[in-house]
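First the structure, in the form of structure tokens, and then the observations on it.
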Amino acid sequence: MLERPGRLSGAPVRITDVAALAGVSIGTASKALNDTGQLREETRARVRAAAAKLGFVGDARARALSSGRTYTVGMVTTDSFGRFSLPVLLGAEDVLSAGQMAVLLCDTRDDHVREAHYLRSLVARGVDGVIVTGRSADARPPIDVDIPVVYAFTPSTDDADVSITLDDALGAQLVAAHLRTIGRRRVAVVTGPARHRSATSRAAGASEVLGSALVGPALFGEWSERWGRQAVDVLVRGDDTIDAVVCGSDQIARGVCDRLRELGRSVPDDVAVTGFDDWDVMALASRPPLTTVDLRLEELGRVAGRALLDLIEGSAAQSAVVAPSLVLRESTLGA
């Protein structure tokens, strides 16, 4: 059992106090707290327990000097609203904070000059690595820095880089399979701009599973509620027997639901509707709430964080694809 050594009240906790409480030498305590050296796991655990009990806070500057690292990581994003980058950041922090690393978030606002400025600043600060992300799943040119880099959600155009991406096609396959399971036989696909990889991947994934239940080619448009409403008008003019619509985003799906309701069609009794993204602002506010696809962006961030830590520590890291998951709600299941 760990017992607190005698010390003056109010005096700062020193590593000597931690070592005394854990019953080890100062050198062993230092190695355990900095996760270095060849120590038994039970010794490391005992030292960390002692540090936690005493409220010991290590000297970050000394730690950086001794290791040659700053224990900081930069995250560069084009996602000004944080819709995609904030969940990725939360996931990455889950992993990086375990290694006592801090994350510096830089929003480039899609400005190449601003991005170059942030990259120079991060390198000058001596960050140990960089995570590059954004609001688009389309590949982007790689950044040119001499430190470890991982691309999260927004992949690099260079296959040699480590990119952690989402399996959009699988997500669309999940919603399409769900619609077939609940008996829908006349299904349309409405998605975003054809120039976006996520729009084409989602349309292709859904079409593959729907097969003969697909009423026609996917309709490509905007990532907007307005396009969802417009698409319904196009669909009902061409085929009055449609009983489900697979949408490439929650925004589109919400517009589809609104227009169907205006036309006197019940969702899901007459037409089932699915979204994509599981964006609470859209998915839960839709009438009815949307069956959709959870991108699992926090998990994507955790995978990116682990990959970056591996690169920083000199280990190999591989690109990876994160599988999304299906979220069932009233837009396909009813009340």
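Letters A, B, ... mark the chains of the structure tokens in the order given; residue numbers begin at 1 per chain; ligand numbers begin at 1, in order shown.
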
* Pick out the residues sitting within 12 Å of Gly216 in chain A, and hand them over as number ranges by chain; count only C-alpha atoms, and ignore anything fewer than 4 positions along from it in its own chain. => A: 186-190, 203, 207, 210-212, 234-235, 238-239, 242, 245

Selection from above, all heavy atoms, as a short mmCIF file (atom, residue, chain, number, x, y, z; two decimals), in the first residue's frame, can you write it?
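This is the output file result-v1.cif:
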```
data_model
loop_
_atom_site.label_atom_id
_atom_site.label_comp_id
_atom_site.auth_asym_id
_atom_site.auth_seq_id
_atom_site.Cartn_x
_atom_site.Cartn_y
_atom_site.Cartn_z
N ARG A 186 -38.78 -0.12 -54.81
CA ARG A 186 -38.65 0.93 -55.83
C ARG A 186 -37.88 2.08 -55.19
O ARG A 186 -38.46 2.98 -54.57
CB ARG A 186 -40.03 1.40 -56.29
CG ARG A 186 -40.89 0.31 -56.87
CD ARG A 186 -40.43 -0.07 -58.26
NE ARG A 186 -40.58 1.05 -59.20
CZ ARG A 186 -40.04 1.09 -60.41
NH1 ARG A 186 -39.29 0.08 -60.83
NH2 ARG A 186 -40.23 2.12 -61.20
N VAL A 187 -36.57 2.05 -55.31
CA VAL A 187 -35.70 2.94 -54.54
C VAL A 187 -34.94 3.89 -55.47
O VAL A 187 -34.36 3.46 -56.48
CB VAL A 187 -34.69 2.14 -53.69
CG1 VAL A 187 -33.89 3.07 -52.79
CG2 VAL A 187 -35.42 1.07 -52.87
N ALA A 188 -34.92 5.17 -55.09
CA ALA A 188 -34.15 6.18 -55.82
C ALA A 188 -32.95 6.60 -54.99
O ALA A 188 -32.95 6.49 -53.76
CB ALA A 188 -35.03 7.40 -56.12
N VAL A 189 -31.91 7.09 -55.68
CA VAL A 189 -30.71 7.59 -55.01
C VAL A 189 -30.53 9.06 -55.37
O VAL A 189 -30.50 9.41 -56.55
CB VAL A 189 -29.46 6.79 -55.43
CG1 VAL A 189 -28.21 7.41 -54.81
CG2 VAL A 189 -29.60 5.33 -55.02
N VAL A 190 -30.40 9.90 -54.33
CA VAL A 190 -30.21 11.34 -54.52
C VAL A 190 -28.99 11.75 -53.72
O VAL A 190 -28.93 11.51 -52.50
CB VAL A 190 -31.44 12.15 -54.04
CG1 VAL A 190 -31.20 13.65 -54.23
CG2 VAL A 190 -32.69 11.71 -54.77
N ALA A 203 -23.23 6.82 -54.04
CA ALA A 203 -24.18 6.40 -55.07
C ALA A 203 -23.84 5.01 -55.58
O ALA A 203 -24.73 4.16 -55.77
CB ALA A 203 -24.17 7.42 -56.21
N SER A 207 -26.18 1.66 -55.19
CA SER A 207 -26.65 1.04 -56.44
C SER A 207 -26.27 -0.43 -56.51
O SER A 207 -27.04 -1.27 -57.00
CB SER A 207 -26.06 1.80 -57.64
OG SER A 207 -26.48 3.16 -57.63
N LEU A 210 -28.75 -2.29 -54.22
CA LEU A 210 -30.15 -2.19 -54.63
C LEU A 210 -30.47 -3.04 -55.85
O LEU A 210 -31.54 -3.63 -55.95
CB LEU A 210 -30.51 -0.72 -54.89
CG LEU A 210 -30.55 0.17 -53.66
CD1 LEU A 210 -30.70 1.62 -54.06
CD2 LEU A 210 -31.69 -0.25 -52.73
N GLY A 211 -29.53 -3.12 -56.80
CA GLY A 211 -29.75 -3.94 -57.98
C GLY A 211 -31.02 -3.58 -58.71
O GLY A 211 -31.26 -2.42 -59.07
N SER A 212 -31.91 -4.56 -58.89
CA SER A 212 -33.14 -4.35 -59.64
C SER A 212 -34.13 -3.43 -58.92
O SER A 212 -35.09 -2.94 -59.54
CB SER A 212 -33.82 -5.69 -59.92
OG SER A 212 -34.16 -6.34 -58.70
N VAL A 234 -38.52 16.02 -59.21
CA VAL A 234 -38.04 15.29 -60.38
C VAL A 234 -38.48 13.84 -60.31
O VAL A 234 -38.95 13.26 -61.31
CB VAL A 234 -36.50 15.38 -60.49
CG1 VAL A 234 -35.99 14.47 -61.59
CG2 VAL A 234 -36.06 16.81 -60.72
N LEU A 235 -38.36 13.23 -59.14
CA LEU A 235 -38.67 11.81 -58.98
C LEU A 235 -40.15 11.52 -59.18
O LEU A 235 -40.53 10.57 -59.87
CB LEU A 235 -38.21 11.32 -57.61
CG LEU A 235 -36.69 11.25 -57.38
CD1 LEU A 235 -36.39 10.97 -55.92
CD2 LEU A 235 -36.07 10.19 -58.28
N GLY A 238 -41.33 11.50 -62.70
CA GLY A 238 -40.87 10.39 -63.52
C GLY A 238 -41.40 9.03 -63.09
O GLY A 238 -41.54 8.12 -63.91
N ASP A 239 -41.71 8.88 -61.79
CA ASP A 239 -42.14 7.56 -61.30
C ASP A 239 -42.92 7.76 -60.01
O ASP A 239 -42.36 8.16 -58.99
CB ASP A 239 -40.93 6.66 -61.06
CG ASP A 239 -41.32 5.22 -60.75
OD1 ASP A 239 -42.46 4.99 -60.31
OD2 ASP A 239 -40.49 4.33 -60.96
N ILE A 242 -42.28 5.14 -56.41
CA ILE A 242 -41.07 5.07 -55.56
C ILE A 242 -41.48 4.90 -54.10
O ILE A 242 -42.36 5.61 -53.59
CB ILE A 242 -40.23 6.35 -55.74
CG1 ILE A 242 -39.59 6.36 -57.13
CG2 ILE A 242 -39.14 6.45 -54.66
CD1 ILE A 242 -38.93 7.67 -57.48
N VAL A 245 -36.06 6.49 -50.70
CA VAL A 245 -35.03 7.35 -51.28
C VAL A 245 -33.78 7.26 -50.41
O VAL A 245 -33.83 7.51 -49.19
CB VAL A 245 -35.48 8.83 -51.36
CG1 VAL A 245 -34.38 9.68 -52.00
CG2 VAL A 245 -36.79 8.96 -52.12
#
```

* To do: Name the residues in contact with Val281 in chain A at a cut-off of 12 Å, using only C-alpha atoms, excluding same-chain residues fewer than 2 positions from it; report them as a list in words.
  =>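 The filter keeps Arg83, Asp250, Gln251, Arg254, Asp277, Asp278, Trp279, Ala283, Leu284, Ala285, Ser286, Pro289 and Leu290 of chain A.
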
* **Residue list (strand (DSSP E or B), DSSP) for range 190-309 of chain A, as an MDAnalysis selection string** => chainID A and resid 190:191 214 219:220 244:247 272:274 277 291:294

Could the residues in this selection be saved with all heavy atoms as a compact mmCIF listing (two decimals), in the first residue's frame?
```
# COMPACT_ATOMS: atom_id res chain seq x y z
N VAL A 190 -30.40 9.90 -54.33
CA VAL A 190 -30.21 11.34 -54.52
C VAL A 190 -28.99 11.75 -53.72
O VAL A 190 -28.93 11.51 -52.50
CB VAL A 190 -31.44 12.15 -54.04
CG1 VAL A 190 -31.20 13.65 -54.23
CG2 VAL A 190 -32.69 11.71 -54.77
N THR A 191 -28.01 12.35 -54.38
CA THR A 191 -26.76 12.65 -53.67
C THR A 191 -26.20 14.01 -54.09
O THR A 191 -26.87 14.80 -54.75
CB THR A 191 -25.75 11.51 -53.87
OG1 THR A 191 -24.63 11.70 -53.02
CG2 THR A 191 -25.30 11.42 -55.32
N LEU A 214 -33.38 -0.52 -57.83
CA LEU A 214 -33.01 0.85 -58.17
C LEU A 214 -33.85 1.33 -59.35
O LEU A 214 -33.87 0.70 -60.41
CB LEU A 214 -31.52 0.92 -58.52
CG LEU A 214 -30.93 2.30 -58.80
CD1 LEU A 214 -30.97 3.17 -57.56
CD2 LEU A 214 -29.49 2.16 -59.30
N LEU A 219 -29.34 10.63 -58.90
CA LEU A 219 -29.47 12.05 -59.19
C LEU A 219 -28.39 12.81 -58.41
O LEU A 219 -28.34 12.73 -57.17
CB LEU A 219 -30.85 12.56 -58.79
CG LEU A 219 -32.05 11.92 -59.50
CD1 LEU A 219 -33.34 12.56 -59.00
CD2 LEU A 219 -31.93 12.04 -61.01
N PHE A 220 -27.53 13.52 -59.12
CA PHE A 220 -26.46 14.30 -58.48
C PHE A 220 -26.86 15.78 -58.45
O PHE A 220 -27.40 16.30 -59.44
CB PHE A 220 -25.14 14.13 -59.24
CG PHE A 220 -24.56 12.75 -59.14
CD1 PHE A 220 -24.88 11.79 -60.09
CD2 PHE A 220 -23.70 12.42 -58.10
CE1 PHE A 220 -24.35 10.51 -60.02
CE2 PHE A 220 -23.17 11.13 -58.01
CZ PHE A 220 -23.50 10.19 -58.97
N ALA A 244 -38.87 4.41 -51.59
CA ALA A 244 -37.74 4.74 -50.71
C ALA A 244 -36.76 5.65 -51.46
O ALA A 244 -36.66 5.58 -52.70
CB ALA A 244 -37.01 3.49 -50.24
N VAL A 245 -36.06 6.49 -50.70
CA VAL A 245 -35.03 7.35 -51.28
C VAL A 245 -33.78 7.26 -50.41
O VAL A 245 -33.83 7.51 -49.19
CB VAL A 245 -35.48 8.83 -51.36
CG1 VAL A 245 -34.38 9.68 -52.00
CG2 VAL A 245 -36.79 8.96 -52.12
N VAL A 246 -32.67 6.86 -51.04
CA VAL A 246 -31.36 6.86 -50.37
C VAL A 246 -30.71 8.21 -50.66
O VAL A 246 -30.50 8.55 -51.83
CB VAL A 246 -30.47 5.72 -50.90
CG1 VAL A 246 -29.05 5.85 -50.33
CG2 VAL A 246 -31.06 4.37 -50.55
N CYS A 247 -30.40 8.96 -49.62
CA CYS A 247 -29.82 10.30 -49.79
C CYS A 247 -28.35 10.30 -49.39
O CYS A 247 -27.94 9.62 -48.44
CB CYS A 247 -30.57 11.32 -48.95
SG CYS A 247 -32.32 11.47 -49.41
N ALA A 272 -39.86 5.53 -47.54
CA ALA A 272 -38.80 5.53 -46.53
C ALA A 272 -37.65 6.40 -47.03
O ALA A 272 -37.37 6.45 -48.23
CB ALA A 272 -38.31 4.11 -46.28
N VAL A 273 -36.98 7.09 -46.10
CA VAL A 273 -35.89 8.00 -46.48
C VAL A 273 -34.69 7.75 -45.58
O VAL A 273 -34.84 7.59 -44.35
CB VAL A 273 -36.33 9.47 -46.35
CG1 VAL A 273 -35.17 10.41 -46.71
CG2 VAL A 273 -37.53 9.76 -47.24
N THR A 274 -33.50 7.70 -46.18
CA THR A 274 -32.27 7.55 -45.39
C THR A 274 -31.33 8.71 -45.68
O THR A 274 -31.28 9.22 -46.80
CB THR A 274 -31.53 6.23 -45.69
OG1 THR A 274 -31.09 6.23 -47.06
CG2 THR A 274 -32.44 5.04 -45.44
N ASP A 277 -24.26 10.78 -42.68
CA ASP A 277 -23.40 11.66 -41.87
C ASP A 277 -23.75 11.62 -40.39
O ASP A 277 -22.90 11.89 -39.56
CB ASP A 277 -23.42 13.14 -42.31
CG ASP A 277 -22.86 13.38 -43.69
OD1 ASP A 277 -22.11 12.50 -44.18
OD2 ASP A 277 -23.19 14.42 -44.29
N THR A 291 -33.05 7.84 -40.30
CA THR A 291 -32.14 6.71 -40.36
C THR A 291 -30.96 7.17 -41.22
O THR A 291 -31.15 7.73 -42.29
CB THR A 291 -32.81 5.50 -41.02
OG1 THR A 291 -33.75 4.93 -40.10
CG2 THR A 291 -31.78 4.43 -41.41
N THR A 292 -29.75 6.95 -40.73
CA THR A 292 -28.60 7.55 -41.39
C THR A 292 -27.34 6.72 -41.14
O THR A 292 -27.41 5.63 -40.56
CB THR A 292 -28.42 9.00 -40.91
OG1 THR A 292 -27.37 9.65 -41.64
CG2 THR A 292 -28.11 9.07 -39.42
N VAL A 293 -26.21 7.25 -41.57
CA VAL A 293 -24.92 6.57 -41.43
C VAL A 293 -24.01 7.41 -40.54
O VAL A 293 -23.77 8.59 -40.83
CB VAL A 293 -24.25 6.34 -42.79
CG1 VAL A 293 -22.86 5.74 -42.62
CG2 VAL A 293 -25.11 5.44 -43.66
N ASP A 294 -23.54 6.82 -39.47
CA ASP A 294 -22.59 7.48 -38.56
C ASP A 294 -21.19 7.35 -39.15
O ASP A 294 -20.70 6.23 -39.35
CB ASP A 294 -22.67 6.82 -37.19
CG ASP A 294 -21.72 7.45 -36.17
OD1 ASP A 294 -20.95 8.37 -36.53
OD2 ASP A 294 -21.74 7.00 -35.01
```

* Could you name the residues that touch Val256 in chain A at 7 Å or less, counting only C-alpha atoms, but leaving out those on the same chain fewer than 2 positions away, as a VMD selection string? -> chain A and resid 228 to 229 232 252 to 254 258 to 260

* To do: To one decimal in Å, tell me the separation between CA of Leu105 in chain A and CA of Pro148 in chain A.
  =>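 Computing it gives 16.3 Å between the two atoms.
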
Would you mind listing what lies within 6 Å of range 10-24 of chain A as a CSV table (one decimal) with N, CA, C and O atoms, in the first residue's frame, with only C-alpha atoms counted and same-chain residues fewer than 3 positions away left out?
```csv
chain,number,residue,atom,x,y,z
A,4,ARG,N,1.9,8.3,2.0
A,4,ARG,CA,2.4,9.6,1.7
A,4,ARG,C,3.6,9.8,2.6
A,4,ARG,O,3.5,9.7,3.8
A,29,ALA,N,11.9,6.3,-11.1
A,29,ALA,CA,10.7,7.1,-11.1
A,29,ALA,C,10.6,8.0,-12.4
A,29,ALA,O,9.6,8.1,-13.0
A,46,ARG,N,3.2,1.3,-10.3
A,46,ARG,CA,3.3,1.8,-8.9
A,46,ARG,C,3.8,3.2,-8.9
A,46,ARG,O,3.3,4.0,-8.1
A,47,VAL,N,4.7,3.6,-9.8
A,47,VAL,CA,5.2,5.0,-9.8
A,47,VAL,C,4.1,5.9,-10.2
A,47,VAL,O,3.9,7.0,-9.7
A,50,ALA,N,1.7,6.5,-7.5
A,50,ALA,CA,2.3,7.4,-6.5
A,50,ALA,C,2.2,8.9,-7.0
A,50,ALA,O,1.8,9.8,-6.2
A,51,ALA,N,2.5,9.1,-8.3
A,51,ALA,CA,2.4,10.4,-8.8
A,51,ALA,C,1.0,11.0,-8.8
A,51,ALA,O,0.8,12.2,-8.5
A,56,PHE,N,1.5,14.9,-8.6
A,56,PHE,CA,2.8,15.4,-9.2
A,56,PHE,C,2.5,15.8,-10.6
A,56,PHE,O,1.9,15.1,-11.4
```

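For Ser325 in chain A, the list of residues within 12 Å, based on only C-alpha atoms and with local chain neighbours fewer than 6 positions off taken out, reads A:Leu166, A:Asp167, A:Asp168, A:Ala169, A:Leu170, A:Gly171, A:Ala172, A:Gln173, A:Leu174, A:Val175, A:His178, A:Phe276, A:Asp277, A:Asp278, A:Thr291, A:Thr292, A:Val293, A:Asp294, A:Leu295, A:Arg296, A:Leu297, A:Glu299.
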
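Taking the backbone of this structure through DSSP, the residues of range 114-184 of chain A that come out as helix (DSSP H, G or I) are Arg114, Glu115, Ala116, His117, Tyr118, Leu119, Arg120, Ser121, Leu122, Val123, Ala124, Arg125, Asp168, Ala169, Leu170, Gly171, Ala172, Gln173, Leu174, Val175, Ala176, Ala177, His178, Leu179, Arg180 and Thr181 of chain A.
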
Selection file, C-alpha atoms, as a CSV table (one decimal), in the first residue's frame:
```
chain,number,residue,atom,x,y,z
A,114,ARG,CA,-2.7,30.9,-44.7
A,115,GLU,CA,-1.9,27.2,-44.7
A,116,ALA,CA,1.7,27.8,-45.7
A,117,HIS,CA,1.9,30.4,-42.9
A,118,TYR,CA,0.6,27.9,-40.3
A,119,LEU,CA,2.9,25.2,-41.5
A,120,ARG,CA,5.9,27.4,-41.1
A,121,SER,CA,4.8,28.5,-37.7
A,122,LEU,CA,4.2,24.9,-36.5
A,123,VAL,CA,7.6,23.7,-37.8
A,124,ALA,CA,9.2,26.8,-36.1
A,125,ARG,CA,7.6,25.8,-32.8
A,168,ASP,CA,-18.3,5.8,-48.0
A,169,ALA,CA,-19.4,2.9,-50.2
A,170,LEU,CA,-19.9,0.6,-47.3
A,171,GLY,CA,-22.1,3.2,-45.5
A,172,ALA,CA,-24.3,3.4,-48.5
A,173,GLN,CA,-24.4,-0.4,-48.8
A,174,LEU,CA,-25.6,-0.6,-45.2
A,175,VAL,CA,-28.6,1.8,-45.8
A,176,ALA,CA,-29.5,0.1,-49.1
A,177,ALA,CA,-29.4,-3.4,-47.5
A,178,HIS,CA,-31.6,-2.1,-44.7
A,179,LEU,CA,-34.2,-0.7,-47.2
A,180,ARG,CA,-34.3,-4.1,-49.0
A,181,THR,CA,-34.7,-5.9,-45.7
```

* Within 8 Å of Pro141 in chain A, counting only C-alpha atoms, which residues qualify if same-chain residues fewer than 6 places away don't, as a VMD selection string? -> chain A and resid 156 to 158

Go ahead and write the residues just picked, N, CA and C atoms, as a PDB file, in the first residue's frame.
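As a result, result33.pdb now contains:
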```pdb
ATOM      1  N   SER A 156      -4.303  12.206 -48.736  1.00  0.00           N
ATOM      2  CA  SER A 156      -3.267  12.787 -49.602  1.00  0.00           C
ATOM      3  C   SER A 156      -3.351  12.144 -50.984  1.00  0.00           C
ATOM      4  N   THR A 157      -2.993  12.911 -51.999  1.00  0.00           N
ATOM      5  CA  THR A 157      -2.939  12.353 -53.358  1.00  0.00           C
ATOM      6  C   THR A 157      -1.738  11.430 -53.535  1.00  0.00           C
ATOM      7  N   ASP A 158      -0.797  11.464 -52.590  1.00  0.00           N
ATOM      8  CA  ASP A 158       0.389  10.617 -52.654  1.00  0.00           C
ATOM      9  C   ASP A 158       0.123   9.316 -51.883  1.00  0.00           C
TER      10      ASP A 158
END
```
